[in-house]
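File shown: upload-v6.tsv. Contents: TSV, C-alpha atoms.
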```tsv
chain	number	residue	atom	x	y	z
A	9	MET	CA	0.00	0.00	0.00
A	10	HIS	CA	1.00	3.61	-0.36
A	11	GLY	CA	-0.24	7.13	0.24
A	12	ASP	CA	-2.91	7.19	2.94
A	13	GLY	CA	-2.94	3.42	3.28
A	14	TRP	CA	-6.35	2.95	1.70
A	15	THR	CA	-5.34	1.03	-1.43
A	16	ALA	CA	-7.95	-1.73	-1.37
A	17	VAL	CA	-7.03	-4.14	-4.16
A	18	GLU	CA	-4.19	-5.70	-6.12
A	19	VAL	CA	-4.53	-7.43	-9.47
A	20	MET	CA	-2.12	-10.10	-10.68
A	21	ARG	CA	-2.05	-11.29	-14.29
A	22	GLY	CA	-4.70	-8.67	-14.97
A	23	GLY	CA	-3.58	-8.32	-18.57
A	24	ALA	CA	-3.96	-12.02	-19.32
A	25	THR	CA	-5.89	-12.53	-22.53
A	26	GLY	CA	-7.76	-15.51	-23.90
A	27	SER	CA	-10.21	-17.60	-21.91
A	28	GLY	CA	-10.18	-19.30	-18.55
A	29	PRO	CA	-11.17	-18.77	-14.93
A	30	VAL	CA	-10.74	-15.61	-12.88
A	31	LEU	CA	-9.60	-15.95	-9.26
A	32	VAL	CA	-10.61	-13.72	-6.37
A	33	CYS	CA	-9.29	-13.58	-2.80
A	34	GLU	CA	-11.35	-11.10	-0.79
A	35	HIS	CA	-9.70	-11.70	2.61
A	36	ALA	CA	-6.08	-11.84	1.49
A	37	ALA	CA	-4.58	-9.27	3.90
A	38	HIS	CA	-4.71	-8.01	7.48
A	39	ALA	CA	-3.52	-4.41	6.90
A	40	ILE	CA	-5.41	-1.56	8.57
A	41	PRO	CA	-4.94	2.06	7.43
A	42	ALA	CA	-3.03	4.05	10.03
A	43	ASP	CA	-5.73	6.69	10.43
A	44	LEU	CA	-8.05	4.02	11.85
A	45	GLY	CA	-5.65	3.44	14.73
A	46	ASP	CA	-5.62	-0.35	14.32
A	47	LEU	CA	-9.36	-0.27	15.08
A	48	GLY	CA	-8.46	-0.60	18.76
A	49	LEU	CA	-7.29	-4.19	18.31
A	50	SER	CA	-4.36	-5.91	19.99
A	51	PRO	CA	-1.47	-7.09	17.78
A	52	GLU	CA	-2.67	-10.66	18.31
A	53	ALA	CA	-6.17	-9.84	17.11
A	54	ARG	CA	-4.88	-7.85	14.12
A	55	HIS	CA	-3.00	-10.92	12.88
A	56	SER	CA	-5.61	-13.53	13.82
A	57	HIS	CA	-7.98	-15.27	11.45
A	58	ALA	CA	-10.62	-12.72	12.43
A	59	ALA	CA	-8.66	-10.12	10.45
A	60	TRP	CA	-7.91	-12.16	7.33
A	61	ASP	CA	-8.01	-15.64	5.78
A	62	ILE	CA	-4.68	-17.10	6.82
A	63	GLY	CA	-2.89	-18.73	3.86
A	64	ALA	CA	-5.57	-17.88	1.30
A	65	ARG	CA	-3.51	-15.30	-0.60
A	66	ASP	CA	-0.56	-17.68	-0.92
A	67	VAL	CA	-2.82	-20.42	-2.30
A	68	ALA	CA	-4.56	-17.99	-4.66
A	69	ARG	CA	-1.27	-16.62	-5.99
A	70	ALA	CA	0.07	-20.11	-6.60
A	71	LEU	CA	-3.17	-21.11	-8.37
A	72	SER	CA	-2.93	-17.96	-10.47
A	73	ASP	CA	0.51	-19.06	-11.65
A	74	LEU	CA	-0.43	-22.70	-12.16
A	75	MET	CA	-3.66	-21.93	-14.02
A	76	GLU	CA	-2.36	-18.77	-15.76
A	77	ALA	CA	-5.43	-17.03	-14.38
A	78	PRO	CA	-5.92	-13.41	-13.29
A	79	LEU	CA	-6.23	-12.87	-9.53
A	80	VAL	CA	-7.98	-9.99	-7.78
A	81	ALA	CA	-6.97	-9.83	-4.11
A	82	GLY	CA	-7.88	-7.55	-1.25
A	83	THR	CA	-5.10	-5.59	0.45
A	84	LEU	CA	-6.99	-4.46	3.58
A	85	SER	CA	-8.31	-6.42	6.53
A	86	ARG	CA	-11.89	-7.62	6.36
A	87	LEU	CA	-12.32	-5.81	9.70
A	88	VAL	CA	-11.96	-2.52	7.81
A	89	TYR	CA	-14.55	-3.69	5.30
A	90	ASP	CA	-15.46	-7.24	4.32
A	91	CYS	CA	-15.37	-7.27	0.51
A	92	ASN	CA	-17.46	-10.45	0.47
A	93	ARG	CA	-20.42	-8.57	1.96
A	94	PRO	CA	-22.76	-6.01	0.35
A	95	PRO	CA	-22.80	-2.51	1.85
A	96	GLU	CA	-26.16	-3.09	3.51
A	97	ALA	CA	-24.96	-6.18	5.45
A	98	PRO	CA	-24.45	-5.46	9.17
A	99	ASP	CA	-21.28	-7.60	9.24
A	100	ALA	CA	-19.68	-5.77	6.30
A	101	ILE	CA	-18.07	-3.59	8.99
A	102	PRO	CA	-18.25	-5.89	12.01
A	103	VAL	CA	-18.24	-4.73	15.63
A	104	ARG	CA	-17.31	-8.25	16.76
A	105	SER	CA	-15.57	-11.09	14.94
A	106	GLU	CA	-15.18	-14.52	16.52
A	107	VAL	CA	-13.90	-13.70	20.03
A	108	HIS	CA	-12.65	-10.20	19.23
A	109	GLU	CA	-14.44	-6.93	19.85
A	110	ILE	CA	-13.59	-4.24	17.27
A	111	PRO	CA	-13.81	-0.88	19.06
A	112	GLY	CA	-12.96	1.13	15.96
A	113	ASN	CA	-16.11	-0.13	14.22
A	114	ARG	CA	-18.47	0.65	17.07
A	115	ASP	CA	-21.11	3.36	16.66
A	116	LEU	CA	-20.08	4.41	13.15
A	117	ASP	CA	-22.38	7.00	11.65
A	118	ALA	CA	-23.79	6.72	8.14
A	119	ALA	CA	-21.11	8.96	6.65
A	120	SER	CA	-18.30	6.86	8.16
A	121	ARG	CA	-19.84	3.64	6.86
A	122	ALA	CA	-20.31	5.19	3.42
A	123	ALA	CA	-16.66	6.23	3.38
A	124	ARG	CA	-15.54	2.67	4.05
A	125	VAL	CA	-17.78	1.43	1.24
A	126	ALA	CA	-16.38	4.02	-1.17
A	127	ARG	CA	-12.74	3.38	-0.25
A	128	VAL	CA	-12.77	-0.43	-0.01
A	129	HIS	CA	-15.86	-2.15	-1.42
A	130	ASP	CA	-16.25	-0.02	-4.52
A	131	PRO	CA	-12.67	-0.16	-5.88
A	132	PHE	CA	-12.37	-3.86	-5.07
A	133	HIS	CA	-15.51	-4.85	-6.96
A	134	ALA	CA	-14.72	-2.44	-9.79
A	135	ALA	CA	-11.41	-4.28	-10.22
A	136	VAL	CA	-13.18	-7.66	-10.35
A	137	GLU	CA	-15.58	-6.32	-12.98
A	138	GLU	CA	-12.73	-4.87	-15.04
A	139	VAL	CA	-10.79	-8.14	-15.07
A	140	LEU	CA	-13.88	-10.16	-15.96
A	141	SER	CA	-14.81	-7.72	-18.74
A	142	GLY	CA	-11.34	-7.94	-20.26
A	143	ARG	CA	-11.27	-11.72	-20.55
A	144	ALA	CA	-13.39	-14.50	-21.98
A	145	ALA	CA	-13.96	-15.77	-18.48
A	146	THR	CA	-15.11	-19.37	-18.09
A	147	ALA	CA	-15.66	-19.33	-14.31
A	148	LEU	CA	-15.22	-17.31	-11.14
A	149	ILE	CA	-13.32	-19.02	-8.32
A	150	THR	CA	-12.81	-17.43	-4.91
A	151	VAL	CA	-10.27	-18.67	-2.37
A	152	HIS	CA	-10.84	-18.59	1.40
A	153	SER	CA	-9.67	-20.32	4.55
A	154	PHE	CA	-11.31	-21.26	7.85
A	155	THR	CA	-10.19	-22.09	11.39
A	156	PRO	CA	-9.70	-25.68	12.59
A	157	VAL	CA	-11.67	-24.86	15.77
A	158	PHE	CA	-14.72	-22.59	15.85
A	159	HIS	CA	-16.45	-21.70	19.13
A	160	GLY	CA	-14.71	-24.64	20.79
A	161	ALA	CA	-15.77	-27.25	18.22
A	162	ARG	CA	-13.21	-29.03	16.06
A	163	ARG	CA	-13.96	-28.92	12.34
A	164	GLU	CA	-13.20	-32.24	10.71
A	165	VAL	CA	-13.78	-31.05	7.15
A	166	GLU	CA	-10.57	-29.92	5.43
A	167	LEU	CA	-11.86	-28.54	2.12
A	168	GLY	CA	-15.22	-27.02	1.34
A	169	PHE	CA	-16.67	-26.30	-2.08
A	170	LEU	CA	-19.40	-23.67	-1.83
A	171	PHE	CA	-21.91	-22.19	-4.25
A	172	HIS	CA	-24.62	-19.54	-4.22
A	173	ALA	CA	-27.51	-20.99	-6.27
A	174	ASP	CA	-25.87	-22.90	-9.14
A	175	GLY	CA	-23.97	-25.88	-7.74
A	176	ALA	CA	-22.58	-27.31	-10.99
A	177	LEU	CA	-18.95	-26.22	-10.57
A	178	ALA	CA	-18.86	-26.88	-6.82
A	179	GLN	CA	-20.24	-30.39	-7.33
A	180	ALA	CA	-17.73	-31.08	-10.10
A	181	ALA	CA	-14.87	-29.81	-7.92
A	182	LEU	CA	-16.03	-31.96	-5.00
A	183	ALA	CA	-16.21	-35.02	-7.26
A	184	ALA	CA	-12.65	-34.39	-8.47
A	185	GLU	CA	-11.43	-33.98	-4.89
A	186	GLN	CA	-13.17	-37.12	-3.71
A	187	ALA	CA	-11.64	-39.02	-6.62
A	188	ALA	CA	-8.20	-37.81	-5.53
A	189	GLY	CA	-9.01	-39.11	-2.06
A	190	ARG	CA	-6.56	-36.93	-0.14
A	191	TYR	CA	-8.61	-34.49	1.95
A	192	ARG	CA	-11.90	-34.64	3.79
A	193	ALA	CA	-14.07	-32.52	1.52
A	194	ALA	CA	-17.71	-31.51	1.53
A	195	LEU	CA	-20.23	-29.37	-0.31
A	196	ASN	CA	-21.21	-26.09	1.39
A	197	GLU	CA	-19.05	-26.68	4.46
A	198	PRO	CA	-18.16	-25.12	6.85
A	199	TYR	CA	-20.37	-22.33	5.45
A	200	ALA	CA	-23.17	-22.05	2.93
A	201	ALA	CA	-25.07	-19.34	1.06
A	202	SER	CA	-27.44	-19.08	4.03
A	203	ASP	CA	-24.50	-17.71	6.07
A	204	GLY	CA	-24.23	-14.70	3.76
A	205	VAL	CA	-20.83	-15.66	2.35
A	206	THR	CA	-21.62	-15.80	-1.38
A	207	TYR	CA	-21.92	-12.11	-2.29
A	208	THR	CA	-18.95	-12.17	-4.68
A	209	LEU	CA	-20.11	-15.42	-6.28
A	210	ALA	CA	-23.62	-14.08	-6.82
A	211	ARG	CA	-22.58	-10.64	-8.06
A	212	HIS	CA	-19.69	-11.47	-10.37
A	213	GLY	CA	-20.22	-15.14	-11.13
A	214	GLU	CA	-23.86	-16.08	-11.39
A	215	GLY	CA	-24.74	-12.45	-12.08
A	216	ARG	CA	-22.76	-12.81	-15.33
A	217	GLY	CA	-23.99	-16.29	-16.10
A	218	LEU	CA	-20.65	-17.81	-15.10
A	219	PRO	CA	-20.08	-20.99	-13.12
A	220	ALA	CA	-18.95	-19.82	-9.68
A	221	LEU	CA	-17.16	-21.61	-6.85
A	222	MET	CA	-15.84	-20.69	-3.42
A	223	ILE	CA	-13.03	-22.86	-2.10
A	224	GLU	CA	-12.70	-22.99	1.70
A	225	ILE	CA	-9.47	-24.50	3.05
A	226	ARG	CA	-8.78	-25.31	6.72
A	227	ASN	CA	-6.03	-22.88	7.56
A	228	ASP	CA	-3.73	-25.28	9.41
A	229	LEU	CA	-3.17	-26.92	6.00
A	230	ILE	CA	-1.90	-23.69	4.39
A	231	ASP	CA	-0.39	-21.64	7.22
A	232	THR	CA	3.11	-21.57	5.71
A	233	PRO	CA	4.11	-20.62	2.16
A	234	ALA	CA	5.29	-24.18	1.51
A	235	ARG	CA	2.00	-25.70	2.65
A	236	ALA	CA	0.06	-23.18	0.60
A	237	GLN	CA	2.10	-23.98	-2.51
A	238	ALA	CA	1.52	-27.70	-1.95
A	239	MET	CA	-2.23	-27.16	-1.58
A	240	ALA	CA	-2.39	-25.13	-4.77
A	241	ALA	CA	-0.48	-27.84	-6.63
A	242	HIS	CA	-3.00	-30.36	-5.32
A	243	LEU	CA	-6.06	-28.26	-6.16
A	244	ALA	CA	-5.11	-27.11	-9.66
A	245	PRO	CA	-5.62	-30.44	-11.49
A	246	GLY	CA	-8.96	-31.01	-9.77
A	247	LEU	CA	-10.17	-27.54	-10.68
A	248	ALA	CA	-9.09	-28.09	-14.28
A	249	ALA	CA	-10.99	-31.38	-14.33
A	250	ALA	CA	-14.06	-29.74	-12.78
A	251	LEU	CA	-14.05	-26.96	-15.36
A	252	ALA	CA	-13.65	-29.49	-18.16
A	253	ALA	CA	-16.54	-31.56	-16.79
A	254	LEU	CA	-19.05	-28.72	-17.18
A	255	SER	CA	-21.17	-28.71	-20.29
A	256	PRO	CA	-20.32	-26.09	-22.94
A	257	ALA	CA	-23.44	-24.14	-21.95
A	258	GLU	CA	-22.32	-24.06	-18.32
A	259	ARG	CA	-18.84	-22.89	-19.31
A	260	ALA	CA	-20.03	-20.17	-21.66
A	261	SER	CA	-19.73	-16.57	-20.57
```
Will you turn the file into structure tokens for me?
Amino acid sequence: MHGDGWTAVEVMRGGATGSGPVLVCEHAAHAIPADLGDLGLSPEARHSHAAWDIGARDVARALSDLMEAPLVAGTLSRLVYDCNRPPEAPDAIPVRSEVHEIPGNRDLDAASRAARVARVHDPFHAAVEEVLSGRAATALITVHSFTPVFHGARREVELGFLFHADGALAQAALAAEQAAGRYRAALNEPYAASDGVTYTLARHGEGRGLPALMIEIRNDLIDTPARAQAMAAHLAPGLAAALAALSPAERAS
């Protein structure tokens, strides 16, 4: 980031031409602009999973290289603004996340909320639209991670393949993963559309008539660059197989 610290998005391989999927990583970073005073969070909270999806950016970057696909990634913490939420969602600017209170988000007035939308949500989603418009996109794939333990309960699932309304690509990706037989995988786990997590999929994927998929990865599997690279190398062939398994009509943009 530079200037006032409010740069909200980075695009990799944005000039890639031809056809293929477009990758998105909304929760790629934990940075907070200095003028927000770290939102009143402790250093531990600022670097916890509440602030970002640990390992997701490393996986997304590696997939971008392996699949020669553009990647749009967030550069600010989701605690500043969650780019996978619409402006009207209460948790787009959360006052609490997991076990952490976020004092800097408490009692924001309408103008302050609107400023966050204008400085984070709007440029991020404009970048996604620009990349999709400049490519013969065949699918939208977003990359996320989740915690091994949530509210004291151990999550046994290791990979989740999520969808908004059209499950074709998620089901094909799950079938490819189950055929590989390496990780415990499930459809719409540990979240689903009913949890409000499919805004990007609905807006930029299904909204354009594109197959759309969210990949959720348990973060203890990708919490180092080496593990993230290994996960991307594992996922890439399955994603290619899933994309190839869709009918031409499902792949068309």
Residues within 9 Å of range 235-238 of chain A, all atoms listed in the file, excluding chain neighbours under 3 positions, as a PyMOL selection string: chain A and resi 63-71+228-232+241-243
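For the atom pair formed by CA of Trp14 in chain A and CA of Ser85 in chain A, the distance is 10.7 Å, given to one decimal.
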Select, from A:Val32, A:Leu74, A:Cys91, A:Ala201, the residue with the minimum atom-to-atom distance to Leu148 in chain A, counting only C-alpha atoms.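 Closest to Leu148 in chain A, using only C-alpha atoms: A:Val32.
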Please provide as number ranges by chain all residues within 8 Å of Arg127 in chain A, with the sequence filter that same-chain residues fewer than 3 positions apart are discarded (counting all atoms listed in the file). A: 14-16, 123-124, 130-131
Which residues are near Ala193 in chain A? Cut-off 9 Å, all atoms listed in the file, ignore same chain within fewer than 4 positions. Put them as a PyMOL selection string. chain A and resi 165-169+182+185-186+197
Grab the CA of Ala126 in chain A to CA of Ala144 in chain A distance for me, in Å with one decimal place.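 Going from CA of Ala126 in chain A over to CA of Ala144 in chain A covers 28.0 Å.
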Using all atoms listed in the file, which residues sit within 8 Å of Pro95 in chain A once same-chain residues fewer than 4 positions away are excluded, as number ranges by chain? A: 100, 125, 129
Between A:Ala187, A:Val205, A:Glu52, A:Leu47, single out the one closest to Leu116 in chain A, counting only C-alpha atoms.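 With only C-alpha atoms as the atom set, the closest residue is A:Leu47.
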Closest of A:Leu254, A:Val136, A:Ala188, A:Cys33 to Gly82 in chain A - atom-to-atom distances counting all atoms listed in the file: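 The closest residue to Gly82 in chain A is A:Cys33.
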Shell around Gly23 in chain A at 10 Å using all atoms listed in the file, local window under 3 positions removed, as a ChimeraX atom specification: /A:19-20,26,77-78,139,142-143
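The smallest atom-to-atom distance between Tyr89 in chain A and any of A:Val128, A:Glu106, A:Ser50, A:Asp115, using all atoms listed in the file, is found for A:Val128.
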Box time for range 235-241 of chain A: axis-aligned, enclosing all its listed atoms, 5 Å extra on each side; report centre and edge lengths in Å to one decimal, as lines of an AutoDock Vina configuration file.
```
center_x = -0.1
center_y = -25.5
center_z = -2.0
size_x = 14.5
size_y = 14.7
size_z = 19.3
```
Distance of CA of Phe171 in chain A from CA of Ala135 in chain A, expressed in Å to one decimal place: 21.6 Å
For a quick check of understanding, using all atoms listed in the file, which of A:Arg54, A:Arg162, A:His35, A:His133 has the smallest distance to Ile110 in chain A? A:Arg54
Given only C-alpha atoms as the basis, pick out the residue of A:Ser27, A:Ser56, A:Thr206, A:Gln179 nearest to Ser105 in chain A. A:Ser56
